[in-house]
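S.K.: Below is the file start-v8.pdb, which contains PDB, C-alpha atoms and all ligand atoms.
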```pdb
ATOM      1  CA  MET A 173      11.286  -6.025  -9.568  1.00  0.00           C
ATOM      2  CA  LEU A 174      12.226  -5.144  -5.975  1.00  0.00           C
ATOM      3  CA  GLN A 175      13.628  -7.708  -3.590  1.00  0.00           C
ATOM      4  CA  SER A 176      14.299  -8.041   0.137  1.00  0.00           C
ATOM      5  CA  SER A 177      15.251 -11.075   2.173  1.00  0.00           C
ATOM      6  CA  ARG A 178      11.681 -12.439   2.281  1.00  0.00           C
ATOM      7  CA  LEU A 179       9.770 -10.567  -0.415  1.00  0.00           C
ATOM      8  CA  LEU A 180       9.685 -10.016  -4.151  1.00  0.00           C
ATOM      9  CA  LEU A 181       7.684  -7.090  -5.461  1.00  0.00           C
ATOM     10  CA  CYS A 182       6.865  -7.497  -9.125  1.00  0.00           C
ATOM     11  CA  ALA A 183       4.400  -6.296 -11.722  1.00  0.00           C
ATOM     12  CA  LEU A 184       1.017  -7.954 -11.440  1.00  0.00           C
ATOM     13  CA  GLN A 185       0.511 -10.614 -14.107  1.00  0.00           C
ATOM     14  CA  PRO A 186      -2.839 -11.584 -15.641  1.00  0.00           C
ATOM     15  CA  GLY A 187      -2.630 -14.876 -13.726  1.00  0.00           C
ATOM     16  CA  ASP A 188      -2.610 -12.938 -10.432  1.00  0.00           C
ATOM     17  CA  LEU A 189      -6.108 -11.657 -11.167  1.00  0.00           C
ATOM     18  CA  ASN A 190      -7.781 -14.750  -9.820  1.00  0.00           C
ATOM     19  CA  ALA A 191     -10.351 -15.971  -7.305  1.00  0.00           C
ATOM     20  CA  THR A 192      -7.872 -15.682  -4.431  1.00  0.00           C
ATOM     21  CA  TYR A 193      -7.229 -12.010  -5.146  1.00  0.00           C
ATOM     22  CA  LEU A 194     -10.955 -11.415  -5.579  1.00  0.00           C
ATOM     23  CA  GLY A 195     -11.570 -13.144  -2.248  1.00  0.00           C
ATOM     24  CA  TRP A 196      -9.226 -10.687  -0.503  1.00  0.00           C
ATOM     25  CA  LEU A 197     -11.079  -7.693  -1.913  1.00  0.00           C
ATOM     26  CA  ASN A 198     -14.397  -9.127  -0.781  1.00  0.00           C
ATOM     27  CA  ASP A 199     -13.142 -10.148   2.681  1.00  0.00           C
ATOM     28  CA  PRO A 200     -14.631  -7.670   5.210  1.00  0.00           C
ATOM     29  CA  ALA A 201     -11.588  -8.055   7.478  1.00  0.00           C
ATOM     30  CA  VAL A 202      -9.297  -7.009   4.631  1.00  0.00           C
ATOM     31  CA  ASN A 203     -11.435  -4.363   2.929  1.00  0.00           C
ATOM     32  CA  ARG A 204     -12.638  -2.660   6.103  1.00  0.00           C
ATOM     33  CA  TYR A 205     -10.206   0.213   5.584  1.00  0.00           C
ATOM     34  CA  LEU A 206      -9.934   0.082   1.788  1.00  0.00           C
ATOM     35  CA  GLU A 207     -11.755   2.313  -0.695  1.00  0.00           C
ATOM     36  CA  THR A 208     -12.216  -0.689  -2.989  1.00  0.00           C
ATOM     37  CA  ARG A 209     -15.035  -1.894  -0.738  1.00  0.00           C
ATOM     38  CA  PHE A 210     -17.335   0.675  -2.358  1.00  0.00           C
ATOM     39  CA  LEU A 211     -16.945  -0.898  -5.805  1.00  0.00           C
ATOM     40  CA  PRO A 212     -18.447  -4.179  -6.972  1.00  0.00           C
ATOM     41  CA  GLN A 213     -15.503  -6.571  -7.094  1.00  0.00           C
ATOM     42  CA  THR A 214     -15.626  -9.134  -9.866  1.00  0.00           C
ATOM     43  CA  LEU A 215     -12.942 -10.767 -11.992  1.00  0.00           C
ATOM     44  CA  GLU A 216     -14.053  -8.599 -14.916  1.00  0.00           C
ATOM     45  CA  ALA A 217     -13.706  -5.437 -12.810  1.00  0.00           C
ATOM     46  CA  LEU A 218     -10.258  -6.546 -11.614  1.00  0.00           C
ATOM     47  CA  GLN A 219      -9.128  -7.166 -15.186  1.00  0.00           C
ATOM     48  CA  ALA A 220     -10.488  -3.832 -16.384  1.00  0.00           C
ATOM     49  CA  TYR A 221      -8.681  -2.025 -13.541  1.00  0.00           C
ATOM     50  CA  TRP A 222      -5.454  -3.865 -14.344  1.00  0.00           C
ATOM     51  CA  GLN A 223      -5.724  -3.014 -18.064  1.00  0.00           C
ATOM     52  CA  ALA A 224      -6.273   0.640 -17.245  1.00  0.00           C
ATOM     53  CA  HIS A 225      -3.438   0.950 -14.721  1.00  0.00           C
ATOM     54  CA  ARG A 226      -0.806  -1.651 -15.612  1.00  0.00           C
ATOM     55  CA  ASP A 227       1.476   0.761 -17.466  1.00  0.00           C
ATOM     56  CA  ASP A 228       0.664   3.973 -15.645  1.00  0.00           C
ATOM     57  CA  PRO A 229       4.078   5.517 -14.767  1.00  0.00           C
ATOM     58  CA  ALA A 230       2.398   7.843 -12.280  1.00  0.00           C
ATOM     59  CA  SER A 231       1.046   4.957 -10.192  1.00  0.00           C
ATOM     60  CA  PRO A 232       3.403   1.998 -10.103  1.00  0.00           C
ATOM     61  CA  TRP A 233       1.878  -0.947  -8.277  1.00  0.00           C
ATOM     62  CA  PHE A 234       3.346  -4.284  -7.367  1.00  0.00           C
ATOM     63  CA  ALA A 235       2.276  -7.740  -6.356  1.00  0.00           C
ATOM     64  CA  ILE A 236       3.796  -8.582  -2.951  1.00  0.00           C
ATOM     65  CA  CYS A 237       5.103 -12.156  -3.217  1.00  0.00           C
ATOM     66  CA  LEU A 238       7.007 -14.406  -0.817  1.00  0.00           C
ATOM     67  CA  SER A 239      10.482 -14.994  -2.182  1.00  0.00           C
ATOM     68  CA  GLY A 240      10.483 -18.598  -0.931  1.00  0.00           C
ATOM     69  CA  ASP A 241       7.583 -20.010  -2.938  1.00  0.00           C
ATOM     70  CA  GLY A 242       6.512 -16.981  -4.995  1.00  0.00           C
ATOM     71  CA  ARG A 243       3.095 -16.869  -3.325  1.00  0.00           C
ATOM     72  CA  HIS A 244       1.185 -13.646  -3.998  1.00  0.00           C
ATOM     73  CA  ILE A 245       0.001 -12.250  -0.620  1.00  0.00           C
ATOM     74  CA  GLY A 246      -1.041  -8.664  -1.344  1.00  0.00           C
ATOM     75  CA  ASN A 247      -0.347  -5.500  -3.322  1.00  0.00           C
ATOM     76  CA  ILE A 248       1.432  -2.211  -2.791  1.00  0.00           C
ATOM     77  CA  LYS A 249       0.990   0.962  -4.822  1.00  0.00           C
ATOM     78  CA  LEU A 250       2.934   4.190  -5.082  1.00  0.00           C
ATOM     79  CA  GLY A 251       0.890   7.045  -6.414  1.00  0.00           C
ATOM     80  CA  PRO A 252      -0.383   9.126  -7.795  1.00  0.00           C
ATOM     81  CA  ILE A 253       3.110  10.577  -8.160  1.00  0.00           C
ATOM     82  CA  HIS A 254       3.133  14.355  -8.292  1.00  0.00           C
ATOM     83  CA  TRP A 255       6.242  14.949 -10.406  1.00  0.00           C
ATOM     84  CA  LEU A 256       6.394  18.719  -9.905  1.00  0.00           C
ATOM     85  CA  HIS A 257       6.394  18.391  -6.119  1.00  0.00           C
ATOM     86  CA  ARG A 258       8.183  15.028  -6.285  1.00  0.00           C
ATOM     87  CA  ARG A 259       5.855  13.369  -3.794  1.00  0.00           C
ATOM     88  CA  ALA A 260       3.508  10.397  -3.740  1.00  0.00           C
ATOM     89  CA  ASP A 261       1.148   8.438  -1.535  1.00  0.00           C
ATOM     90  CA  LEU A 262       1.968   4.870  -0.630  1.00  0.00           C
ATOM     91  CA  SER A 263      -0.767   2.308   0.080  1.00  0.00           C
ATOM     92  CA  LEU A 264      -0.952  -1.442   0.453  1.00  0.00           C
ATOM     93  CA  PHE A 265      -2.842  -4.457   1.656  1.00  0.00           C
ATOM     94  CA  ILE A 266      -1.785  -7.911   2.745  1.00  0.00           C
ATOM     95  CA  GLY A 267      -4.778  -9.896   1.514  1.00  0.00           C
ATOM     96  CA  ASP A 268      -3.687 -13.293   2.806  1.00  0.00           C
ATOM     97  CA  ARG A 269      -4.639 -13.043   6.458  1.00  0.00           C
ATOM     98  CA  SER A 270      -2.387 -15.966   7.416  1.00  0.00           C
ATOM     99  CA  CYS A 271       0.478 -13.578   6.610  1.00  0.00           C
ATOM    100  CA  TRP A 272      -0.564 -10.769   8.954  1.00  0.00           C
ATOM    101  CA  GLY A 273       1.654  -9.881  11.890  1.00  0.00           C
ATOM    102  CA  GLN A 274       4.861 -11.237  10.361  1.00  0.00           C
ATOM    103  CA  GLY A 275       6.403  -7.959   9.317  1.00  0.00           C
ATOM    104  CA  TYR A 276       5.557  -8.278   5.612  1.00  0.00           C
ATOM    105  CA  ALA A 277       3.778  -4.913   5.349  1.00  0.00           C
ATOM    106  CA  SER A 278       6.729  -3.129   6.982  1.00  0.00           C
ATOM    107  CA  GLU A 279       9.172  -4.939   4.688  1.00  0.00           C
ATOM    108  CA  ALA A 280       7.175  -4.062   1.544  1.00  0.00           C
ATOM    109  CA  ILE A 281       6.832  -0.405   2.571  1.00  0.00           C
ATOM    110  CA  ALA A 282      10.585  -0.167   3.214  1.00  0.00           C
ATOM    111  CA  LEU A 283      11.345  -1.632  -0.227  1.00  0.00           C
ATOM    112  CA  VAL A 284       9.112   0.807  -2.114  1.00  0.00           C
ATOM    113  CA  ARG A 285      10.222   3.710   0.087  1.00  0.00           C
ATOM    114  CA  ASP A 286      13.905   3.071  -0.726  1.00  0.00           C
ATOM    115  CA  TRP A 287      13.142   2.644  -4.443  1.00  0.00           C
ATOM    116  CA  ALA A 288      11.050   5.827  -4.555  1.00  0.00           C
ATOM    117  CA  PHE A 289      13.762   7.923  -2.903  1.00  0.00           C
ATOM    118  CA  ARG A 290      16.728   6.322  -4.691  1.00  0.00           C
ATOM    119  CA  GLU A 291      15.467   5.588  -8.169  1.00  0.00           C
ATOM    120  CA  LEU A 292      12.594   8.013  -8.671  1.00  0.00           C
ATOM    121  CA  ASP A 293      14.213  10.813  -6.720  1.00  0.00           C
ATOM    122  CA  LEU A 294      10.977  11.558  -4.874  1.00  0.00           C
ATOM    123  CA  GLN A 295      11.375  13.933  -1.955  1.00  0.00           C
ATOM    124  CA  LYS A 296       8.308  13.123   0.135  1.00  0.00           C
ATOM    125  CA  LEU A 297       6.126  10.077   0.749  1.00  0.00           C
ATOM    126  CA  ASN A 298       2.694  10.188   2.374  1.00  0.00           C
ATOM    127  CA  ALA A 299       0.109   7.728   3.614  1.00  0.00           C
ATOM    128  CA  GLY A 300      -3.543   8.176   4.515  1.00  0.00           C
ATOM    129  CA  ILE A 301      -4.813   5.737   7.124  1.00  0.00           C
ATOM    130  CA  TYR A 302      -8.305   5.362   8.589  1.00  0.00           C
ATOM    131  CA  ALA A 303      -8.115   6.223  12.306  1.00  0.00           C
ATOM    132  CA  GLY A 304      -8.167   2.936  14.191  1.00  0.00           C
ATOM    133  CA  ASN A 305      -6.093   1.006  11.657  1.00  0.00           C
ATOM    134  CA  ILE A 306      -3.329   0.509  14.186  1.00  0.00           C
ATOM    135  CA  GLY A 307      -1.550  -2.213  12.222  1.00  0.00           C
ATOM    136  CA  SER A 308      -1.159  -0.008   9.163  1.00  0.00           C
ATOM    137  CA  ARG A 309      -0.046   2.995  11.185  1.00  0.00           C
ATOM    138  CA  ARG A 310       2.544   0.883  13.025  1.00  0.00           C
ATOM    139  CA  ALA A 311       3.868  -0.565   9.777  1.00  0.00           C
ATOM    140  CA  PHE A 312       4.406   2.918   8.321  1.00  0.00           C
ATOM    141  CA  GLU A 313       5.893   4.230  11.576  1.00  0.00           C
ATOM    142  CA  LYS A 314       8.372   1.360  11.612  1.00  0.00           C
ATOM    143  CA  CYS A 315       9.504   2.645   8.204  1.00  0.00           C
ATOM    144  CA  GLY A 316      10.099   6.175   9.465  1.00  0.00           C
ATOM    145  CA  PHE A 317       6.745   7.790   8.672  1.00  0.00           C
ATOM    146  CA  GLU A 318       5.367  10.177  11.292  1.00  0.00           C
ATOM    147  CA  LEU A 319       1.922  11.531  11.989  1.00  0.00           C
ATOM    148  CA  GLU A 320       1.609  14.959  10.361  1.00  0.00           C
ATOM    149  CA  GLY A 321      -2.064  15.615  10.876  1.00  0.00           C
ATOM    150  CA  THR A 322      -5.548  14.256  11.354  1.00  0.00           C
ATOM    151  CA  LEU A 323      -8.327  14.921   8.860  1.00  0.00           C
ATOM    152  CA  ARG A 324     -11.385  15.025  11.071  1.00  0.00           C
ATOM    153  CA  GLN A 325     -14.408  12.908  10.135  1.00  0.00           C
ATOM    154  CA  GLU A 326     -12.984  12.468   6.664  1.00  0.00           C
ATOM    155  CA  VAL A 327     -14.515   9.110   5.690  1.00  0.00           C
ATOM    156  CA  VAL A 328     -17.512   6.868   6.293  1.00  0.00           C
ATOM    157  CA  SER A 329     -16.873   3.455   7.777  1.00  0.00           C
ATOM    158  CA  ALA A 330     -19.506   1.036   9.065  1.00  0.00           C
ATOM    159  CA  GLY A 331     -22.056   3.824   9.134  1.00  0.00           C
ATOM    160  CA  GLU A 332     -20.005   6.314  11.132  1.00  0.00           C
ATOM    161  CA  ARG A 333     -17.633   9.101  10.203  1.00  0.00           C
ATOM    162  CA  LEU A 334     -13.989   8.418  10.948  1.00  0.00           C
ATOM    163  CA  ASP A 335     -10.870  10.548  11.044  1.00  0.00           C
ATOM    164  CA  VAL A 336      -7.982   9.886   8.663  1.00  0.00           C
ATOM    165  CA  TRP A 337      -4.415  10.001   9.890  1.00  0.00           C
ATOM    166  CA  ARG A 338      -1.962  11.576   7.455  1.00  0.00           C
ATOM    167  CA  LEU A 339       1.552  10.227   7.886  1.00  0.00           C
ATOM    168  CA  GLY A 340       4.559  11.463   5.986  1.00  0.00           C
ATOM    169  CA  LEU A 341       8.253  10.902   5.445  1.00  0.00           C
ATOM    170  CA  PRO A 342      10.458  13.592   3.894  1.00  0.00           C
ATOM    171  CA  ARG A 343      13.503  12.237   2.090  1.00  0.00           C
ATOM    172  CA  SER A 344      15.707  14.279   4.441  1.00  0.00           C
ATOM    173  CA  HIS A 345      14.418  12.134   7.363  1.00  0.00           C
ATOM    174  CA  TRP A 346      14.882   8.831   5.546  1.00  0.00           C
ATOM    175  CA  SER A 347      17.088   6.045   6.873  1.00  0.00           C
ATOM    176  CA  PRO A 348      17.405   3.413   4.150  1.00  0.00           C
ATOM    177  CA  ALA A 349      17.115  -0.264   5.037  1.00  0.00           C
ATOM    178  CA  PRO A 350      20.591  -1.740   5.612  1.00  0.00           C
TER     179      PRO A 350
HETATM  180  C1  LIG B 401      -2.600  -3.299   8.080  1.00  0.00           C
HETATM  181  C2  LIG B 401      -1.730  -4.349   7.413  1.00  0.00           C
HETATM  182  C3  LIG B 401      -1.148  -3.772   6.125  1.00  0.00           C
HETATM  183  C4  LIG B 401      -0.597  -4.767   8.357  1.00  0.00           C
HETATM  184  O1  LIG B 401       0.164  -5.765   7.689  1.00  0.00           O
HETATM  185  P1  LIG B 401       1.150  -6.728   8.500  1.00  0.00           P
HETATM  186  O2  LIG B 401       2.022  -7.426   7.521  1.00  0.00           O
HETATM  187  O3  LIG B 401       0.372  -7.554   9.442  1.00  0.00           O
HETATM  188  O4  LIG B 401       1.995  -5.645   9.302  1.00  0.00           O
HETATM  189  P2  LIG B 401       3.409  -5.916  10.025  1.00  0.00           P
HETATM  190  O5  LIG B 401       3.503  -7.365  10.376  1.00  0.00           O
HETATM  191  O6  LIG B 401       4.492  -5.317   9.199  1.00  0.00           O
HETATM  192  O7  LIG B 401       3.202  -5.129  11.369  1.00  0.00           O
HETATM  193  C5  LIG B 401       3.673  -3.831  11.609  1.00  0.00           C
HETATM  194  C6  LIG B 401       3.465  -3.525  13.084  1.00  0.00           C
HETATM  195  O8  LIG B 401       2.078  -3.386  13.350  1.00  0.00           O
HETATM  196  C7  LIG B 401       1.669  -4.287  14.365  1.00  0.00           C
HETATM  197  N1  LIG B 401       0.337  -4.726  13.967  1.00  0.00           N
HETATM  198  C8  LIG B 401      -0.016  -5.351  12.829  1.00  0.00           C
HETATM  199  N2  LIG B 401      -1.358  -5.558  12.819  1.00  0.00           N
HETATM  200  C9  LIG B 401      -1.830  -5.047  13.981  1.00  0.00           C
HETATM  201  C10 LIG B 401      -3.129  -4.924  14.545  1.00  0.00           C
HETATM  202  N3  LIG B 401      -4.217  -5.389  13.902  1.00  0.00           N
HETATM  203  N4  LIG B 401      -3.256  -4.329  15.755  1.00  0.00           N
HETATM  204  C11 LIG B 401      -2.171  -3.845  16.392  1.00  0.00           C
HETATM  205  N5  LIG B 401      -0.903  -3.902  15.904  1.00  0.00           N
HETATM  206  C12 LIG B 401      -0.750  -4.514  14.707  1.00  0.00           C
HETATM  207  C13 LIG B 401       2.684  -5.403  14.327  1.00  0.00           C
HETATM  208  O9  LIG B 401       2.759  -6.056  15.567  1.00  0.00           O
HETATM  209  C14 LIG B 401       3.953  -4.625  14.015  1.00  0.00           C
HETATM  210  O10 LIG B 401       4.430  -3.930  15.144  1.00  0.00           O
HETATM  211  P3  LIG B 401       5.706  -4.433  15.999  1.00  0.00           P
HETATM  212  O11 LIG B 401       6.786  -4.742  15.010  1.00  0.00           O
HETATM  213  O12 LIG B 401       5.977  -3.271  16.879  1.00  0.00           O
HETATM  214  O13 LIG B 401       5.213  -5.655  16.683  1.00  0.00           O
HETATM  215  C15 LIG B 401      -2.578  -5.632   7.073  1.00  0.00           C
HETATM  216  O14 LIG B 401      -3.194  -6.067   8.262  1.00  0.00           O
HETATM  217  C16 LIG B 401      -3.640  -5.366   6.032  1.00  0.00           C
HETATM  218  O15 LIG B 401      -3.348  -5.384   4.853  1.00  0.00           O
HETATM  219  N6  LIG B 401      -4.889  -5.111   6.467  1.00  0.00           N
HETATM  220  C17 LIG B 401      -6.015  -4.903   5.566  1.00  0.00           C
HETATM  221  C18 LIG B 401      -5.864  -3.754   4.574  1.00  0.00           C
HETATM  222  C19 LIG B 401      -5.338  -2.477   5.189  1.00  0.00           C
HETATM  223  O16 LIG B 401      -5.760  -2.066   6.264  1.00  0.00           O
HETATM  224  N7  LIG B 401      -4.407  -1.833   4.476  1.00  0.00           N
HETATM  225  C20 LIG B 401      -3.829  -0.569   4.886  1.00  0.00           C
HETATM  226  C21 LIG B 401      -4.650   0.568   4.389  1.00  0.00           C
HETATM  227  S1  LIG B 401      -3.916   2.108   4.869  1.00  0.00           S
END
```
Take the structure I supplied and represent it as structure tokens, if you would.

M.R.:
Amino acid sequence: MLQSSRLLLCALQPGDLNATYLGWLNDPAVNRYLETRFLPQTLEALQAYWQAHRDDPASPWFAICLSGDGRHIGNIKLGPIHWLHRRADLSLFIGDRSCWGQGYASEAIALVRDWAFRELDLQKLNAGIYAGNIGSRRAFEKCGFELEGTLRQEVVSAGERLDVWRLGLPRSHWSPAP
């Protein structure tokens, strides 16, 4: 479990795989920039995904919960970890839209970033962000990530091809949260 002043990141429990979580994945405002929108999202599919990935050491993923009342508001995943190059992608969503714009994404990214560098001894973190997802880019930039390149017309979104921004943070440029 990882903890900051306002958040607890913990392993997803079977009880987290519920209608609320499913609603996030099927909410067009939330899934607009997520690959999960291409898959049929049902409780059975969620459970099957959880079973397949719950203990995968190469892709640790966490429920993002408010430390005050324990409410589950989204997920964050590190991976796949490339152990030989000691690098990994970091991705997340805040599914509860009432929680957007309050700094939770930045706080969750900083927690996993510090854990990945300190405890897993990773040397590089990356993030791929659909061009136009300003909120996600800002959240990663606030945590020290910088734009390293743009993959042109990399993905399809709402019927048009979009670029993907690749952001990265080498461990040597990391400033841990105080
Ligand atoms: C993108 C997302 C993760 C941002 O989460 P969040 O908790 O609202 O982000 P934060 O509050 O930490 O905001 C980080 C910065 O981005 C800004 N920001 C957030 N959403 C924004 C938006 N839609 N447009 C412009 N700026 C935005 C915030 O103001 C803040 O900047 P500031 O501190 O300079 O004011 C969240 O909206 C989300 O999960 N969206 C759907 C799924 C998704 O896009 N996931 C990311 C895939 S790469």

S.K.: Would you please work out which residue, of A:Leu215, A:Ile245, A:Ala224, A:Leu341, is nearest to A:Trp272 when using only C-alpha atoms?

M.R.: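 Looking at the shortest contact to A:Trp272, the residue is A:Ile245.
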
S.K.: Which residue gives the smallest distance to ligand LIG 401 (chain B) among A:Gln295, A:Asn247, A:Thr322, A:Ser231, with only C-alpha atoms and all ligand atoms counted?

M.R.: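 Closest to ligand LIG 401 (chain B) of all the choices is A:Asn247.
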
S.K.: I would like the residues chosen by the PyMOL selection byres (((chain A and resi 250) around 7) and not hetatm) on the shown file; could you give them as a list of chain:residue names?

M.R.: A:Ser231, A:Pro232, A:Trp233, A:Ile248, A:Lys249, A:Gly251, A:Pro252, A:Ala260, A:Asp261, A:Leu262, A:Ser263

S.K.: Give the answer as one residue: which of A:Leu174, A:Gly267, A:Ala303, A:Leu211 has the shortest atom-to-atom distance to A:Glu291, using only C-alpha atoms?

M.R.: A:Leu174

S.K.: Which residues of chain A sit at most 8 Å from ligand LIG 401 (chain B), using only C-alpha atoms and all ligand atoms? Give each one's shortest atom pair and distance in Å (one decimal place), in chain and ascending residue order, as a Markdown table.

M.R.:
```
| residue | atom | partner | partner_atom | distance |
| --- | --- | --- | --- | --- |
| A:Ala201 | CA | B:LIG401 | C17 | 6.7 |
| A:Val202 | CA | B:LIG401 | C17 | 4.0 |
| A:Asn203 | CA | B:LIG401 | C18 | 5.8 |
| A:Arg204 | CA | B:LIG401 | O16 | 6.9 |
| A:Tyr205 | CA | B:LIG401 | O16 | 5.0 |
| A:Leu206 | CA | B:LIG401 | C21 | 5.9 |
| A:Gly246 | CA | B:LIG401 | O15 | 7.4 |
| A:Ser263 | CA | B:LIG401 | S1 | 5.7 |
| A:Leu264 | CA | B:LIG401 | N7 | 5.3 |
| A:Phe265 | CA | B:LIG401 | O15 | 3.4 |
| A:Ile266 | CA | B:LIG401 | O15 | 3.6 |
| A:Gly267 | CA | B:LIG401 | O15 | 5.8 |
| A:Arg269 | CA | B:LIG401 | O14 | 7.3 |
| A:Cys271 | CA | B:LIG401 | O2 | 6.4 |
| A:Trp272 | CA | B:LIG401 | O3 | 3.4 |
| A:Gly273 | CA | B:LIG401 | O5 | 3.5 |
| A:Gln274 | CA | B:LIG401 | O5 | 4.1 |
| A:Gly275 | CA | B:LIG401 | O5 | 3.1 |
| A:Tyr276 | CA | B:LIG401 | O2 | 4.1 |
| A:Ala277 | CA | B:LIG401 | O2 | 3.8 |
| A:Ser278 | CA | B:LIG401 | O6 | 3.8 |
| A:Glu279 | CA | B:LIG401 | O6 | 6.5 |
| A:Ala299 | CA | B:LIG401 | S1 | 7.0 |
| A:Gly300 | CA | B:LIG401 | S1 | 6.1 |
| A:Ile301 | CA | B:LIG401 | S1 | 4.4 |
| A:Tyr302 | CA | B:LIG401 | S1 | 6.6 |
| A:Asn305 | CA | B:LIG401 | O16 | 6.2 |
| A:Ile306 | CA | B:LIG401 | C11 | 5.0 |
| A:Gly307 | CA | B:LIG401 | C9 | 3.3 |
| A:Ser308 | CA | B:LIG401 | C1 | 3.8 |
| A:Arg309 | CA | B:LIG401 | O8 | 7.1 |
| A:Arg310 | CA | B:LIG401 | O8 | 4.3 |
| A:Ala311 | CA | B:LIG401 | C5 | 3.7 |
| A:Phe312 | CA | B:LIG401 | C5 | 7.5 |
| A:Lys314 | CA | B:LIG401 | C5 | 7.0 |
```

S.K.: What does the distance from atom CA of A:Pro212 to atom CA of A:Leu194 come to in Å, to one decimal?

M.R.: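 Separating atom CA of A:Pro212 from atom CA of A:Leu194 is a distance of 10.5 Å.
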
S.K.: What separation in Å, quoted to one decimal, exists between atom CA of A:Gln325 and atom CA of A:His257?

M.R.: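 For atom CA of A:Gln325 relative to atom CA of A:His257, the distance reads 27.0 Å.
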
S.K.: For the structure shown, which residues end up in the PyMOL selection byres (((chain A and resi 185-192) around 12) and not hetatm)? Put them as a ChimeraX atom specification, please?

M.R.: /A:181-184,193-199,213-223,226-227,233-237,242-247,267-269

S.K.: Can you turn the PyMOL selection byres (((chain A and resi 316) around 10) and not hetatm) into a concrete residue list for this file, as a list of chain:residue names?

M.R.: A:Ala282, A:Arg285, A:Arg310, A:Ala311, A:Phe312, A:Glu313, A:Lys314, A:Cys315, A:Phe317, A:Glu318, A:Leu339, A:Gly340, A:Leu341, A:Pro342, A:His345, A:Trp346, A:Ser347, A:Pro348

S.K.: Have a look at A:Ala280, A:Leu256, A:Leu319, A:Leu292 and name the one nearest to A:Val336; count all atoms listed in the file.

M.R.: A:Leu319

S.K.: I'd like the interatomic distance between atom CA of A:Pro229 and atom CA of A:Leu179, to a tenth of an Å.

M.R.: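 About the pair atom CA of A:Pro229 and atom CA of A:Leu179: they are 22.3 Å apart.
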
S.K.: Take stretch 240-251 of chain A, model N, CA, C and O atoms, and hand the result over as an mmCIF file, in the coordinates of the input.

M.R.:
```cif
data_model
loop_
_atom_site.group_PDB
_atom_site.id
_atom_site.type_symbol
_atom_site.label_atom_id
_atom_site.label_comp_id
_atom_site.auth_asym_id
_atom_site.auth_seq_id
_atom_site.Cartn_x
_atom_site.Cartn_y
_atom_site.Cartn_z
ATOM 1 N N GLY A 240 10.296 -17.143 -1.033
ATOM 2 C CA GLY A 240 10.483 -18.598 -0.931
ATOM 3 C C GLY A 240 9.720 -19.359 -2.000
ATOM 4 O O GLY A 240 10.311 -20.058 -2.824
ATOM 5 N N ASP A 241 8.393 -19.214 -1.998
ATOM 6 C CA ASP A 241 7.583 -20.010 -2.938
ATOM 7 C C ASP A 241 6.858 -19.162 -3.981
ATOM 8 O O ASP A 241 6.064 -19.681 -4.765
ATOM 9 N N GLY A 242 7.122 -17.846 -3.976
ATOM 10 C CA GLY A 242 6.512 -16.981 -4.995
ATOM 11 C C GLY A 242 5.055 -16.650 -4.737
ATOM 12 O O GLY A 242 4.406 -16.023 -5.575
ATOM 13 N N ARG A 243 4.525 -17.084 -3.586
ATOM 14 C CA ARG A 243 3.095 -16.869 -3.325
ATOM 15 C C ARG A 243 2.752 -15.391 -3.263
ATOM 16 O O ARG A 243 3.421 -14.620 -2.586
ATOM 17 N N HIS A 244 1.685 -15.031 -3.982
ATOM 18 C CA HIS A 244 1.185 -13.646 -3.998
ATOM 19 C C HIS A 244 0.351 -13.440 -2.727
ATOM 20 O O HIS A 244 -0.601 -14.169 -2.477
ATOM 21 N N ILE A 245 0.713 -12.432 -1.899
ATOM 22 C CA ILE A 245 0.001 -12.250 -0.620
ATOM 23 C C ILE A 245 -0.671 -10.880 -0.500
ATOM 24 O O ILE A 245 -1.400 -10.637 0.456
ATOM 25 N N GLY A 246 -0.413 -9.988 -1.442
ATOM 26 C CA GLY A 246 -1.041 -8.664 -1.344
ATOM 27 C C GLY A 246 -0.472 -7.749 -2.412
ATOM 28 O O GLY A 246 0.259 -8.200 -3.302
ATOM 29 N N ASN A 247 -0.815 -6.484 -2.325
ATOM 30 C CA ASN A 247 -0.347 -5.500 -3.322
ATOM 31 C C ASN A 247 0.123 -4.238 -2.626
ATOM 32 O O ASN A 247 -0.357 -3.907 -1.530
ATOM 33 N N ILE A 248 0.993 -3.514 -3.308
ATOM 34 C CA ILE A 248 1.432 -2.211 -2.791
ATOM 35 C C ILE A 248 1.509 -1.247 -3.971
ATOM 36 O O ILE A 248 1.935 -1.625 -5.069
ATOM 37 N N LYS A 249 1.057 -0.019 -3.724
ATOM 38 C CA LYS A 249 0.990 0.962 -4.822
ATOM 39 C C LYS A 249 1.604 2.283 -4.385
ATOM 40 O O LYS A 249 1.407 2.736 -3.250
ATOM 41 N N LEU A 250 2.364 2.861 -5.302
ATOM 42 C CA LEU A 250 2.934 4.190 -5.082
ATOM 43 C C LEU A 250 2.192 5.129 -6.028
ATOM 44 O O LEU A 250 2.224 4.942 -7.244
ATOM 45 N N GLY A 251 1.533 6.124 -5.486
ATOM 46 C CA GLY A 251 0.890 7.045 -6.414
ATOM 47 C C GLY A 251 -0.438 7.562 -5.921
ATOM 48 O O GLY A 251 -0.959 7.067 -4.935
#
```
